[in-house]
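Participant: Sharing a structure with you now.
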Protein chains: 4
Amino acid sequence: MQDYLGRLKKGTLKLYALEQELTPDEAVKVRRTFIEEETGADLAPLGKYAIGIERVVKRNCENMIGTVQVPVGVAGPLAVAGEYASGSYYLPLATTEGALVASVNRGCSAITRAGGASVRILRDGMTRAPVFSCRDVVHAADTVRWVSEHTDDLKRAAEETTRHGRMLGIEPIVAGTSVYLRIAFDTKDAMGMNMVTIASERIAVLVEEATGARPVALSGNVCTDKKPAAINSILGRGKTVVAGIGLSDDQVREIFKTDAATLAEVNTRKNLIGSARAGALGFNAQAANIIAAIYIACGQDPAHVVEGSSCITTVDPVPGGVYVAVTLPALQVGTVGGGTGIDTQAACLAMLGVGGGGTPPGSNSRAFAEIIAAGVLAGELSLLGALGAGHLARAHATLGRG
Amino acid sequence: MQDYLGRLKKGTLKLYALEQELTPDEAVKVRRTFIEEETGADLAPLGKYAIGIERVVKRNCENMIGTVQVPVGVAGPLAVAGEYASGSYYLPLATTEGALVASVNRGCSAITRAGGASVRILRDGMTRAPVFSCRDVVHAADTVRWVSEHTDDLKRAAEETTRHGRMLGIEPIVAGTSVYLRIAFDTKDAMGMNMVTIASERIAVLVEEATGARPVALSGNVCTDKKPAAINSILGRGKTVVAGIGLSDDQVREIFKTDAATLAEVNTRKNLIGSARAGALGFNAQAANIIAAIYIACGQDPAHVVEGSSCITTVDPVPGGVYVAVTLPALQVGTVGGGTGIDTQAACLAMLGVGGGGTPPGSNSRAFAEIIAAGVLAGELSLLGALGAGHLARAHATLGRG
Amino acid sequence: MQDYLGRLKKGTLKLYALEQELTPDEAVKVRRTFIEEETGADLAPLGKYAIGIERVVKRNCENMIGTVQVPVGVAGPLAVAGEYASGSYYLPLATTEGALVASVNRGCSAITRAGGASVRILRDGMTRAPVFSCRDVVHAADTVRWVSEHTDDLKRAAEETTRHGRMLGIEPIVAGTSVYLRIAFDTKDAMGMNMVTIASERIAVLVEEATGARPVALSGNVCTDKKPAAINSILGRGKTVVAGIGLSDDQVREIFKTDAATLAEVNTRKNLIGSARAGALGFNAQAANIIAAIYIACGQDPAHVVEGSSCITTVDPVPGGVYVAVTLPALQVGTVGGGTGIDTQAACLAMLGVGGGGTPPGSNSRAFAEIIAAGVLAGELSLLGALGAGHLARAHATLGRG
Amino acid sequence: MQDYLGRLKKGTLKLYALEQELTPDEAVKVRRTFIEEETGADLAPLGKYAIGIERVVKRNCENMIGTVQVPVGVAGPLAVAGEYASGSYYLPLATTEGALVASVNRGCSAITRAGGASVRILRDGMTRAPVFSCRDVVHAADTVRWVSEHTDDLKRAAEETTRHGRMLGIEPIVAGTSVYLRIAFDTKDAMGMNMVTIASERIAVLVEEATGARPVALSGNVCTDKKPAAINSILGRGKTVVAGIGLSDDQVREIFKTDAATLAEVNTRKNLIGSARAGALGFNAQAANIIAAIYIACGQDPAHVVEGSSCITTVDPVPGGVYVAVTLPALQVGTVGGGTGIDTQAACLAMLGVGGGGTPPGSNSRAFAEIIAAGVLAGELSLLGALGAGHLARAHATLGRG
């Protein structure tokens with residue numbers, strides 16, 4: 001140990017090189033000890049992990065010093081009626097924010113009592129948009145035209161780079177001399193960003209050869225990855241999912257201690273008008289909370305919570321009650337790859353019955369997306385209900401004072 | 001065990017009630033076993049946690065069944081020159097996305113070699129915006145007027161609800177009969193959402209009493225919490241932080257294998273024009289990645305990655321090199337409360353020297369925000385550099401073919 | 001004539017120089033004739049104008065060749081109950097889009113029958129935001145701090161550049177090394193863009209002298225002038241106006257042949273959810289139509305229709321009917337300056353009783369803004385009603401088929 | 001006259017009914033006189049029009065009382081190299097904003113000296129998006145599926161409603177139970193909103209019959225008409241046009257008294273970063289000014305300036321100079337219908353050689369769009385140049401002071 005620490009301090013050994021000389025667990029320990037000495041912090045808690053890290057240090061995390069442990073609570077059972085997920089589920093929610101699990105749980109119970117959430121996937125395609133520089137606007141227009149006329153060739157070439165993926169289309173966007181080709185792929189059970197990036201690289205080479213347009217960056221932000229963007233809401237990225245549930249007046253009253261008109265009013269003034277007035281791209285109460293908690297539990301890329309937050313929640317007054325729905329334009333999930341194979345994360349996916357590749361391919365990630373959408377619906381219902389009831393409570397208190 | 005499982009199955013014992021009869025560890029174990037039986041999944045990995053959960057089950061997570069373990073890697077050392085953070089830091093990054101730590105690490109090394117990132121906090125205030133319903137637009141205008149004329153009274157009342165917080169102001173926004181009061185608080189070392197919510201409740205009661213405006217929801221989405229929203233970019237939410245670094249041509253060439261003009265071009269075509277063309281509210285390469293990784297490591301609310309993703313990255317050509325900066329309009333962090341007290345998360349905060357309340361109050365959360373901003377700068381530099389170098393590599397290959 | 005045409009053709013006389021040698025009417029005629037010869041078009045209709053152009057060629061339009069005549073229709077009477085406009089008005093609408101006047105007229109009649117539109121101005125300030133370049137982010141932060149600490153000095157200096165204007169405040173926005181100072185002015189009866197630009201120039205000089213921040217452009221687009229921008233919706237630009245009207249179920253039925261629930265549904269699915277789903281910054285049916293028509297009639301800057309289009313329309317279900325409101329965050333109008341003095345435009349302003357400077361200053365432009373907001377409300381009501389009735393008509397037809 | 005005025009006052013004659021008893025000119029006169037008496041304003045100037053109003057009162061403007069006269073200036077010659085417009089043009093600009101014509105003129109002269117603007121149309125399709133209400137989210141998904149599977153049938157039916165139009169496609173957007181079908185039409189030389197609305201009505205009926213989805217409004221704001229909306233920037237509405245010009249360092253210096261680097265910096269800090277920071281959907285300097293002026297001169301719908309303002313302006317540094325381009329995602333124009341047939345407006349279109357229907361159909365409106373884009377480019381160049389020169393001037397002054 002001292003030897004390694006000495007070399008690290010002298011700089012003759014690099015932090016990232018420890019795994020070349022040591023087993024993963026030893027390397028992690030030495031590195032953690034080094035950081036402890038450098039920072040004076042006691043990092044012992046990080047060292048008490050229970051996951052196998054052989055693959056983790058190669059695939060998931062460089063310069064590993066241990067793990068952080070995030071509490072996982074369950075909400076459910078949640079009845080879901082999707083095309084891929086059908087049945088009753090317990091949601092694993094990794095969170096440190098008190099009350100979140102309880103809130104989602106209440107929503108699950110409302111949905112289940114009301115017969116289960118209907119869920120449908122409307123679109124499914126991961127995207128990547130390399131940006132090219134053209135000589136002038138005529139060159140830009142010609143490049144777009146060439147791409148449109150050779151989409152089939154590009155599709156063939158792109159699909160040679162992947163076993164499972166299927167190219168769905170290319171949407172060209174131009175700004176002056178910049179040409180963005182937003183390439184969409186069906187990436188089956190993988191979240192698919194790597195897959196579509198590799199395919200995009202192939203396409204970029206072909207486009208450059210044929211048109212002379214110069215690739216500037218493999219990602220030109222028209223993708224749009226991990227930034228809130230209207231293009232994802234409009235054209236989708238990952239899975240576009242919609243989930244809904246009808247609640248009778250009695251159910252609203254019993255479960256949420258409020259009434260249908262109040263639920264609708266809260267949604268309109270908060271999620272629709274409030275968000276509009278704030279210049280928001282998300283029209284929901286707390287979609288990001290639920291998505292973040294499930295993503296962390298299930299080994300998803302947590303930065304994709306950004307796109308998840310563009311959810312729009314609607315509450316329709318209907319005879320005898322309300323119909324509440326959530327629309328998630330851009331939900332990026334995978335059941336293979338990324339963090340899905342780590343022991344604890346794999347266990348959470350197993351809880352939902354969606355771990356690994358599905359049969360047929362793609363069915364697991366779609367089932368997963370459907371369950372998440374139902375979970376988001378539960379979170380929305382619960383928070384809208386709580387806000388509505390607070391309003392009524394206050395109203396009553398006010399009357400009482402009178 | 002069997003007894004509890006039996007009662008859970010029969011429904012005579014509720015999942016959330018286990019802690020009333022059992023120690024936290026036992027309750028978590030019974031609950032996990034129950035979920036295993038219900039779902040058929042092996043959840044053993046979730047049970048091998050090493051954190052103390054006495055407080056966790058009360059404050060951080062209901063219905064706990066164990067923990068998920070997220071690998072933590074380090075990037076650094078990162079030299080930071082802020083007003084609160086000053087020195088060299090190792091960043092704890094909790095992530096399952098391979099290459100992220102390595103990418104940030106490269107950026108840290110560039111920044112440190114170039115003398116360290118300058119960082120400044122421009123604004124600091126957590127917000128909450130209750131929404132009120134008015135009878136008509138005249139009533140809405142009168143309500144706003146009353147609030148403007150009684151801001152001092154409201155401030156006094158609001159500050160009675162908290163030991164540390166200080167009300168900074170109230171921004172009224174009207175849409176027809178809906179009045180939103182966006183209340184901003186200096187919440188010191190706490191992220192502060194609870195604090196400002198409680199204060200908002202007090203304010204809401206006073207506004208209702210004085211004006212008759214009816215509170216509809218304590219959060220009217222003008223806050224805006226966990227939804228991408230222009231209002232947060234413009235007026236700030238949490239901390240508005242800016243970080244920058246100058247790199248010489250030589251440094252760009254040596255560290256990133258590209259040149260200043262290419263860095264600038266990639267930033268313009270990708271982060272500025274690409275994002276503009278996508279209808280985005282974020283103008284950066286990967287800010288969300290870094291923020292998510294630090295937030296999860298340090299017990300922050302991961303859904304706040306949404307606001308973090310509104311970062312804008314700029315690359316100025318300057319004589320002899322470039323000046324690269326990131327502007328984070330809405331970074332919500334705390335060093336007390338939330339998940340900051342859990343063993344592993346507390347250790348990560350300790351690594352940065354910012355755990356717990358600072359002296360003076362607020363200085364720890366501000367130092368933390370400055371470090372994060374520098375980390376985001378590292379991530380941006382690294383990805384822009386990689387994209388730029390890829391471009392040059394391809395350019396060279398193309399020439400080689402000729 | 002031939003002499004001038006010859007010199008114009010040879011290039012020895014510049015088109016813009018004609019007024020130096022000729023009376024305005026002659027200059028316009030020669031120029032028009034020249035353009036006719038160059039283009040082969042018969043431009044005689046442009047020459048039959050009836051306005052006095054002495055001042056027009058100096059102040060409103062260079063290189064004048066005549067006028068275009070835009071038909072003006074009237075809608076009204078429209079009952080308005082504002083703080084500045086109170087009474088019954090006929091709206092002058094300059095338009096070539098058939099059905100627009102009729103549509104607004106129907107709305108006016110509904111409003112008037114229901115007792116008149118309530119209108120209030122919530123904010124009033126024209127803005128301009130010069131952008132400065134700083135050396136680095138520390139310099140940027142220091143510049144903002146200096147401005148905050150010297151706002152009173154800057155206000156004093158700025159107000160020396162104008163007789164009427166009063167500086168309301170400076171909102172600093174930073175992006176990396178760019179500092180934007182969004183300066184707001186009460187410009188009284190003038191639309192005020194020139195006034196605030198001149199004042200901004202003065203401020204820019206002082207800021208540069210004191211801080212060394214280098215002015216890059218007098219308008220840095222954070223103003224934001226004539227581009228749709230959330231900042232204008234949130235902080236206002238020009239006048240923020242809200243107008244509303246309550247309609248009983250009977251009124252909805254009689255005037256619009258639909259019912260309250262349908263009006264509310266059309267507004268929710270179209271103006272709120274539809275706009276949200278389109279990534280829009282405007283949540284209304286046709287606000288731009290009414291604003292454009294009044295602006296052209298009354299000599300306003302028609303490019304400001306852009307900001308006008310950010311209107312949000314709300315329909316609240318209330319016992320026995322609906323309450324409909326429009327909120328115009330950024331309405332830029334003036335009753336002096338710009339095109340307001342041209343004979344026909346001045347006549348249109350006179351129709352509304354708001355021509356020229358008001359007593360007290362600012363009261364005319366405010367009255368004008370209130371009337372416009374009421375006109376927009378009329379247009380919204382009318383179009384929502386028509387869409388709602390169409391829906392019912394179709395519903396009836398469908399039933400009839402059965 | 002007195003008889004009519006008396007009946008109008010008594011209410012036994014409606015204002016809109018005057019044309020049933022009188023010639024258009026007499027009707028307009030009586031109506032104007034009535035309004036004069038009601039308002040006390042002298043409206044004589046409105047009565048001195050020179051256009052034939054037989055068709056105007058039927059097609060363009062109800063309740064006509066005269067015309068407003070807007071000064072028209074010319075800018076040019078402007079060299080344009082498009083696919084439909086090729087040659088040298090004088091732009092008719094109807095405006096009351098002093099300096100606008102001069103500004104555009106300077107830009108035209110720069111473009112022409114530099115060889116003319118290249119222009120290309122990238123997309124062309126007018127859109128309308130009716131909104132339907134579904135029973136639940138499953139019904140919504142089924143409706144979208146049905147539409148996708150029957151697009152050919154719907155296209156056939158839609159095209160029966162028009163002689164010229166051709167349906168280009170249907171983009172379905174879902175939000176909960178709301179289904180929006182964004183229908184795109186090639187409307188040839190007409191701006192085409194009426195055409196696509198009529199076609200949409202036909203489609204709505206068929207969709208309702210087949211799926212049971214209930215049409216709520218013929219326009220569901222996903223179109224998006226006259227509201228700033230990202231969907232139009234991304235998918236286009238009307239014509240998507242790009243125009244560009246290369247300027248050498250010498251040309252920049254001579255014409256604009258500034259240099260290439262300054263032009264680029266102004267564009268980056270103002271049009272890109274400033275707009276980004278303002279939450280804008282438009283990234284340009286003054287596109288709306290030019291579009292408004294040409295639209296009013298040429299009888300276009302001036303409320304469409306809203307979509308025009310979403311222009312993005314780019315300035316690329318290139319060896320020896322700059323390449324400046326404008327991208328107009330959504331330019332809605334027509335050379336037949338609307339106000340294009342009114343005498344003065346028709347004359348302005350004739351000036352550009354694009355009046356009436358083109359051969360082949362569509363070529364005139366496309367040529368018109370190309371010319372407008374070149375005009376916008378002129379306006380951008382000119383304002384960026386002026387801002388840049390102002391900056392240099394100040395810089396020099398500052399140095400001089402030293």
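Scheme for the structure tokens: letters A, B, ... for chains in order shown; per-chain residue numbers from 1; ligand numbers from 1 in order shown.
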Select residues of chain A: the criterion is any atom within 8 Å of an atom of chain C, counting only C-alpha atoms; output as a PDB file with N, CA, C and O atoms, in the first residue's frame.

Facilitator:
```
ATOM      1  N   ALA A 230     -37.062  21.686 -27.208  1.00  0.00           N
ATOM      2  CA  ALA A 230     -38.372  21.478 -27.807  1.00  0.00           C
ATOM      3  C   ALA A 230     -38.336  20.385 -28.863  1.00  0.00           C
ATOM      4  O   ALA A 230     -39.317  19.661 -29.051  1.00  0.00           O
ATOM      5  N   SER A 233     -39.344  17.177 -27.482  1.00  0.00           N
ATOM      6  CA  SER A 233     -40.761  17.108 -27.151  1.00  0.00           C
ATOM      7  C   SER A 233     -41.600  16.910 -28.402  1.00  0.00           C
ATOM      8  O   SER A 233     -42.630  16.249 -28.373  1.00  0.00           O
ATOM      9  N   ILE A 234     -41.149  17.475 -29.490  1.00  0.00           N
ATOM     10  CA  ILE A 234     -41.942  17.461 -30.719  1.00  0.00           C
ATOM     11  C   ILE A 234     -41.695  16.180 -31.516  1.00  0.00           C
ATOM     12  O   ILE A 234     -42.631  15.513 -31.957  1.00  0.00           O
ATOM     13  N   LEU A 272     -50.290  23.989 -16.351  1.00  0.00           N
ATOM     14  CA  LEU A 272     -50.437  24.571 -17.686  1.00  0.00           C
ATOM     15  C   LEU A 272     -50.101  26.060 -17.676  1.00  0.00           C
ATOM     16  O   LEU A 272     -49.140  26.500 -18.307  1.00  0.00           O
ATOM     17  N   ILE A 273     -50.869  26.854 -16.934  1.00  0.00           N
ATOM     18  CA  ILE A 273     -50.671  28.303 -17.005  1.00  0.00           C
ATOM     19  C   ILE A 273     -49.371  28.711 -16.309  1.00  0.00           C
ATOM     20  O   ILE A 273     -48.614  29.543 -16.811  1.00  0.00           O
ATOM     21  N   ALA A 276     -46.475  27.822 -18.469  1.00  0.00           N
ATOM     22  CA  ALA A 276     -46.470  28.715 -19.631  1.00  0.00           C
ATOM     23  C   ALA A 276     -45.877  30.067 -19.248  1.00  0.00           C
ATOM     24  O   ALA A 276     -45.030  30.623 -19.950  1.00  0.00           O
ATOM     25  N   ARG A 277     -46.301  30.557 -18.129  1.00  0.00           N
ATOM     26  CA  ARG A 277     -45.890  31.893 -17.680  1.00  0.00           C
ATOM     27  C   ARG A 277     -44.419  31.944 -17.290  1.00  0.00           C
ATOM     28  O   ARG A 277     -43.795  32.996 -17.267  1.00  0.00           O
ATOM     29  N   ALA A 278     -43.868  30.760 -16.963  1.00  0.00           N
ATOM     30  CA  ALA A 278     -42.461  30.682 -16.555  1.00  0.00           C
ATOM     31  C   ALA A 278     -41.537  30.412 -17.740  1.00  0.00           C
ATOM     32  O   ALA A 278     -40.335  30.287 -17.575  1.00  0.00           O
ATOM     33  N   GLY A 279     -42.112  30.325 -18.933  1.00  0.00           N
ATOM     34  CA  GLY A 279     -41.288  29.992 -20.097  1.00  0.00           C
ATOM     35  C   GLY A 279     -40.714  28.599 -19.984  1.00  0.00           C
ATOM     36  O   GLY A 279     -39.568  28.354 -20.345  1.00  0.00           O
ATOM     37  N   LEU A 281     -40.403  24.360 -20.456  1.00  0.00           N
ATOM     38  CA  LEU A 281     -40.578  23.282 -21.431  1.00  0.00           C
ATOM     39  C   LEU A 281     -41.159  22.040 -20.760  1.00  0.00           C
ATOM     40  O   LEU A 281     -41.288  21.005 -21.377  1.00  0.00           O
ATOM     41  N   PHE A 283     -44.454  20.689 -18.252  1.00  0.00           N
ATOM     42  CA  PHE A 283     -45.778  21.100 -17.786  1.00  0.00           C
ATOM     43  C   PHE A 283     -46.311  20.043 -16.830  1.00  0.00           C
ATOM     44  O   PHE A 283     -47.325  19.421 -17.087  1.00  0.00           O
TER      45      PHE A 283
END
```

Participant: Which residues come within 6 Å of stretch 298-304 of chain C, counting only C-alpha atoms, excluding same-chain residues fewer than 4 positions away, as a count of residues only?

Facilitator: 10

Participant: Might you pull out every residue within 7 Å of stretch 17-30 of chain A, with only C-alpha atoms counted and same-chain residues fewer than 2 positions away left off, and present them as JSON, numbers by chain?

Facilitator: {"A": [1, 13, 14, 15, 32, 33, 34, 53, 54, 57, 64, 65, 66]}

Participant: Store the residues of this selection in a file with N, CA, C and O atoms, as a short mmCIF file (atom, residue, chain, number, x, y, z; two decimals), in the first residue's frame.

Facilitator:
```
data_model
loop_
_atom_site.label_atom_id
_atom_site.label_comp_id
_atom_site.auth_asym_id
_atom_site.auth_seq_id
_atom_site.Cartn_x
_atom_site.Cartn_y
_atom_site.Cartn_z
N MET A 1 0.84 -1.22 0.00
CA MET A 1 0.00 0.00 0.00
C MET A 1 0.87 1.26 0.00
O MET A 1 0.72 2.13 -0.85
N LEU A 13 3.22 7.15 -10.55
CA LEU A 13 2.11 6.24 -10.84
C LEU A 13 0.86 7.12 -10.99
O LEU A 13 0.64 8.03 -10.18
N LYS A 14 0.09 6.85 -12.04
CA LYS A 14 -1.11 7.64 -12.24
C LYS A 14 -2.29 6.99 -11.54
O LYS A 14 -2.38 5.75 -11.50
N LEU A 15 -3.19 7.80 -11.07
CA LEU A 15 -4.37 7.26 -10.37
C LEU A 15 -5.11 6.23 -11.22
O LEU A 15 -5.56 5.20 -10.74
N ARG A 32 -8.63 5.03 -2.88
CA ARG A 32 -9.42 5.69 -1.85
C ARG A 32 -8.51 6.19 -0.72
O ARG A 32 -8.68 7.30 -0.22
N THR A 33 -7.56 5.35 -0.36
CA THR A 33 -6.63 5.75 0.70
C THR A 33 -5.83 6.99 0.28
O THR A 33 -5.63 7.92 1.07
N PHE A 34 -5.42 6.98 -0.96
CA PHE A 34 -4.68 8.14 -1.47
C PHE A 34 -5.54 9.41 -1.36
O PHE A 34 -5.08 10.46 -0.90
N ILE A 53 -17.06 -5.65 -8.68
CA ILE A 53 -16.63 -4.48 -9.44
C ILE A 53 -15.67 -4.82 -10.59
O ILE A 53 -15.12 -3.92 -11.22
N GLU A 54 -15.49 -6.08 -10.84
CA GLU A 54 -14.62 -6.48 -11.97
C GLU A 54 -15.01 -5.74 -13.25
O GLU A 54 -14.20 -5.10 -13.90
N VAL A 57 -15.26 -1.48 -13.00
CA VAL A 57 -14.10 -0.60 -13.22
C VAL A 57 -13.73 -0.52 -14.70
O VAL A 57 -13.07 0.42 -15.13
N MET A 64 -12.19 4.54 -9.76
CA MET A 64 -13.17 4.22 -8.72
C MET A 64 -12.54 4.23 -7.33
O MET A 64 -11.42 3.77 -7.15
N ILE A 65 -13.28 4.78 -6.36
CA ILE A 65 -12.80 4.76 -4.98
C ILE A 65 -13.80 4.07 -4.04
O ILE A 65 -13.60 4.02 -2.83
N GLY A 66 -14.87 3.58 -4.58
CA GLY A 66 -15.88 2.92 -3.76
C GLY A 66 -17.26 3.16 -4.33
O GLY A 66 -17.40 3.42 -5.53
#
```

Participant: Apply DSSP to the backbone of this structure and, from stretch 179-276 of chain C, keep only the residues in strand (DSSP E); write these as a PyMOL selection string.

Facilitator: chain C and resi 179-186+214-217+238-248

Participant: Please produce an output containing N, CA, C and O atoms for each residue in the selection, written as a short mmCIF file (atom, residue, chain, number, x, y, z; two decimals), in the first residue's frame.

Facilitator:
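Written file, part_15.cif:
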```cif
data_model
loop_
_atom_site.label_atom_id
_atom_site.label_comp_id
_atom_site.auth_asym_id
_atom_site.auth_seq_id
_atom_site.Cartn_x
_atom_site.Cartn_y
_atom_site.Cartn_z
N VAL C 179 -21.64 40.62 -20.40
CA VAL C 179 -22.54 41.21 -19.41
C VAL C 179 -23.59 42.01 -20.16
O VAL C 179 -23.27 42.87 -20.98
N TYR C 180 -24.86 41.70 -19.88
CA TYR C 180 -25.98 42.42 -20.46
C TYR C 180 -26.63 43.25 -19.37
O TYR C 180 -26.94 42.72 -18.29
N LEU C 181 -26.82 44.53 -19.63
CA LEU C 181 -27.52 45.38 -18.66
C LEU C 181 -28.87 45.74 -19.25
O LEU C 181 -28.95 46.56 -20.16
N ARG C 182 -29.91 45.12 -18.74
CA ARG C 182 -31.25 45.38 -19.28
C ARG C 182 -31.83 46.59 -18.55
O ARG C 182 -32.27 46.50 -17.40
N ILE C 183 -31.81 47.71 -19.23
CA ILE C 183 -32.19 48.99 -18.65
C ILE C 183 -33.65 49.27 -18.97
O ILE C 183 -34.05 49.21 -20.13
N ALA C 184 -34.44 49.56 -17.94
CA ALA C 184 -35.87 49.81 -18.16
C ALA C 184 -36.19 51.27 -17.90
O ALA C 184 -35.70 51.87 -16.93
N PHE C 185 -37.01 51.83 -18.76
CA PHE C 185 -37.38 53.24 -18.68
C PHE C 185 -38.88 53.41 -18.75
O PHE C 185 -39.56 52.74 -19.52
N ASP C 186 -39.39 54.31 -17.96
CA ASP C 186 -40.75 54.79 -18.17
C ASP C 186 -40.64 55.88 -19.22
O ASP C 186 -40.04 56.93 -18.98
N ARG C 214 -15.94 46.34 -22.02
CA ARG C 214 -15.96 46.91 -23.35
C ARG C 214 -17.34 46.74 -23.99
O ARG C 214 -17.80 45.62 -24.15
N PRO C 215 -17.99 47.84 -24.35
CA PRO C 215 -19.29 47.73 -25.02
C PRO C 215 -19.14 47.08 -26.38
O PRO C 215 -18.29 47.49 -27.18
N VAL C 216 -19.92 46.06 -26.64
CA VAL C 216 -19.85 45.35 -27.92
C VAL C 216 -20.99 45.77 -28.84
O VAL C 216 -20.81 45.94 -30.03
N ALA C 217 -22.17 45.92 -28.27
CA ALA C 217 -23.31 46.34 -29.08
C ALA C 217 -24.32 47.00 -28.16
O ALA C 217 -24.54 46.54 -27.03
N GLY C 238 -42.28 47.28 -22.51
CA GLY C 238 -43.42 48.13 -22.79
C GLY C 238 -44.43 47.90 -21.68
O GLY C 238 -44.06 47.82 -20.51
N LYS C 239 -45.67 47.72 -22.06
CA LYS C 239 -46.72 47.60 -21.04
C LYS C 239 -47.18 46.15 -20.87
O LYS C 239 -47.42 45.46 -21.84
N THR C 240 -47.28 45.73 -19.62
CA THR C 240 -47.88 44.43 -19.31
C THR C 240 -49.32 44.69 -18.94
O THR C 240 -49.60 45.39 -17.96
N VAL C 241 -50.23 44.15 -19.74
CA VAL C 241 -51.64 44.50 -19.59
C VAL C 241 -52.48 43.24 -19.46
O VAL C 241 -52.21 42.23 -20.11
N VAL C 242 -53.50 43.35 -18.64
CA VAL C 242 -54.40 42.22 -18.46
C VAL C 242 -55.83 42.74 -18.63
O VAL C 242 -56.17 43.84 -18.16
N ALA C 243 -56.64 41.99 -19.37
CA ALA C 243 -58.03 42.39 -19.60
C ALA C 243 -58.92 41.18 -19.42
O ALA C 243 -58.53 40.07 -19.78
N GLY C 244 -60.09 41.39 -18.85
CA GLY C 244 -60.96 40.24 -18.60
C GLY C 244 -62.43 40.60 -18.66
O GLY C 244 -62.82 41.77 -18.58
N ILE C 245 -63.24 39.56 -18.81
CA ILE C 245 -64.69 39.75 -18.90
C ILE C 245 -65.39 38.48 -18.42
O ILE C 245 -64.95 37.38 -18.73
N GLY C 246 -66.44 38.66 -17.65
CA GLY C 246 -67.26 37.53 -17.26
C GLY C 246 -68.46 37.40 -18.17
O GLY C 246 -69.10 38.40 -18.50
N LEU C 247 -68.73 36.20 -18.64
CA LEU C 247 -69.90 35.97 -19.49
C LEU C 247 -70.80 34.93 -18.81
O LEU C 247 -70.31 33.90 -18.32
N SER C 248 -72.08 35.21 -18.82
CA SER C 248 -73.00 34.22 -18.26
C SER C 248 -73.24 33.09 -19.26
O SER C 248 -72.96 33.24 -20.46
#
```

Participant: What's the separation between atom CA of C:Gly116 and atom CA of C:Ala81, in Å to one decimal place?

Facilitator: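 According to the coordinates, atom CA of C:Gly116 and atom CA of C:Ala81 are separated by 6.3 Å.
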
Participant: Apply DSSP to the structure's backbone, then extract all residues of stretch 83-261 of chain A labelled helix (DSSP H, G or I) and return them as a PyMOL selection string.

Facilitator: chain A and resi 100-113+137-149+151-159+193-211+230-235+249-256+260-261

Participant: Skipping near chain neighbours, those fewer than 2 positions away, what residues fall within 7 Å of D:His164 using only C-alpha atoms, listed as a ChimeraX atom specification?

Facilitator: /D:162,166,187-188

Participant: Choose the residue, out of A:Leu122, A:Val72, A:Arg7, A:Tyr90, that has the smallest atom-to-atom separation from B:Gly40; count only C-alpha atoms.

Facilitator: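 Residue with the minimum atom-to-atom distance to B:Gly40: A:Tyr90.
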
Participant: Which is closest to C:Asp189 among C:Gly220, C:Pro360, C:Gly379, C:Gly388, if we use only C-alpha atoms?

Facilitator: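 That would be C:Pro360, the residue with the smallest distance to C:Asp189.
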
Participant: C:Asp225: which residues within 9 Å, counting only C-alpha atoms, same-chain residues fewer than 5 positions away excluded, as a list of chain:residue names?

Facilitator: C:Thr127, C:Arg128, C:Ser219, C:Asn232, C:Arg237, C:Ala303, C:His304, C:Val306, C:Glu307, D:Ala285, D:Gln286

Participant: Write out as a ChimeraX atom specification each polymer residue whose atoms come within 10 Å of C:Ala367, counting only C-alpha atoms; drop sequence neighbours fewer than 5 positions from it.

Facilitator: /C:80,82-86,119-121,189,335,352-354,358,362,372-373

Participant: For each of C:Ala190, C:Val305, C:Leu331, C:Val252, take the minimum atom-to-atom distance to C:Gly355, counting only C-alpha atoms, then give the residue where this is smallest.

Facilitator: C:Ala190
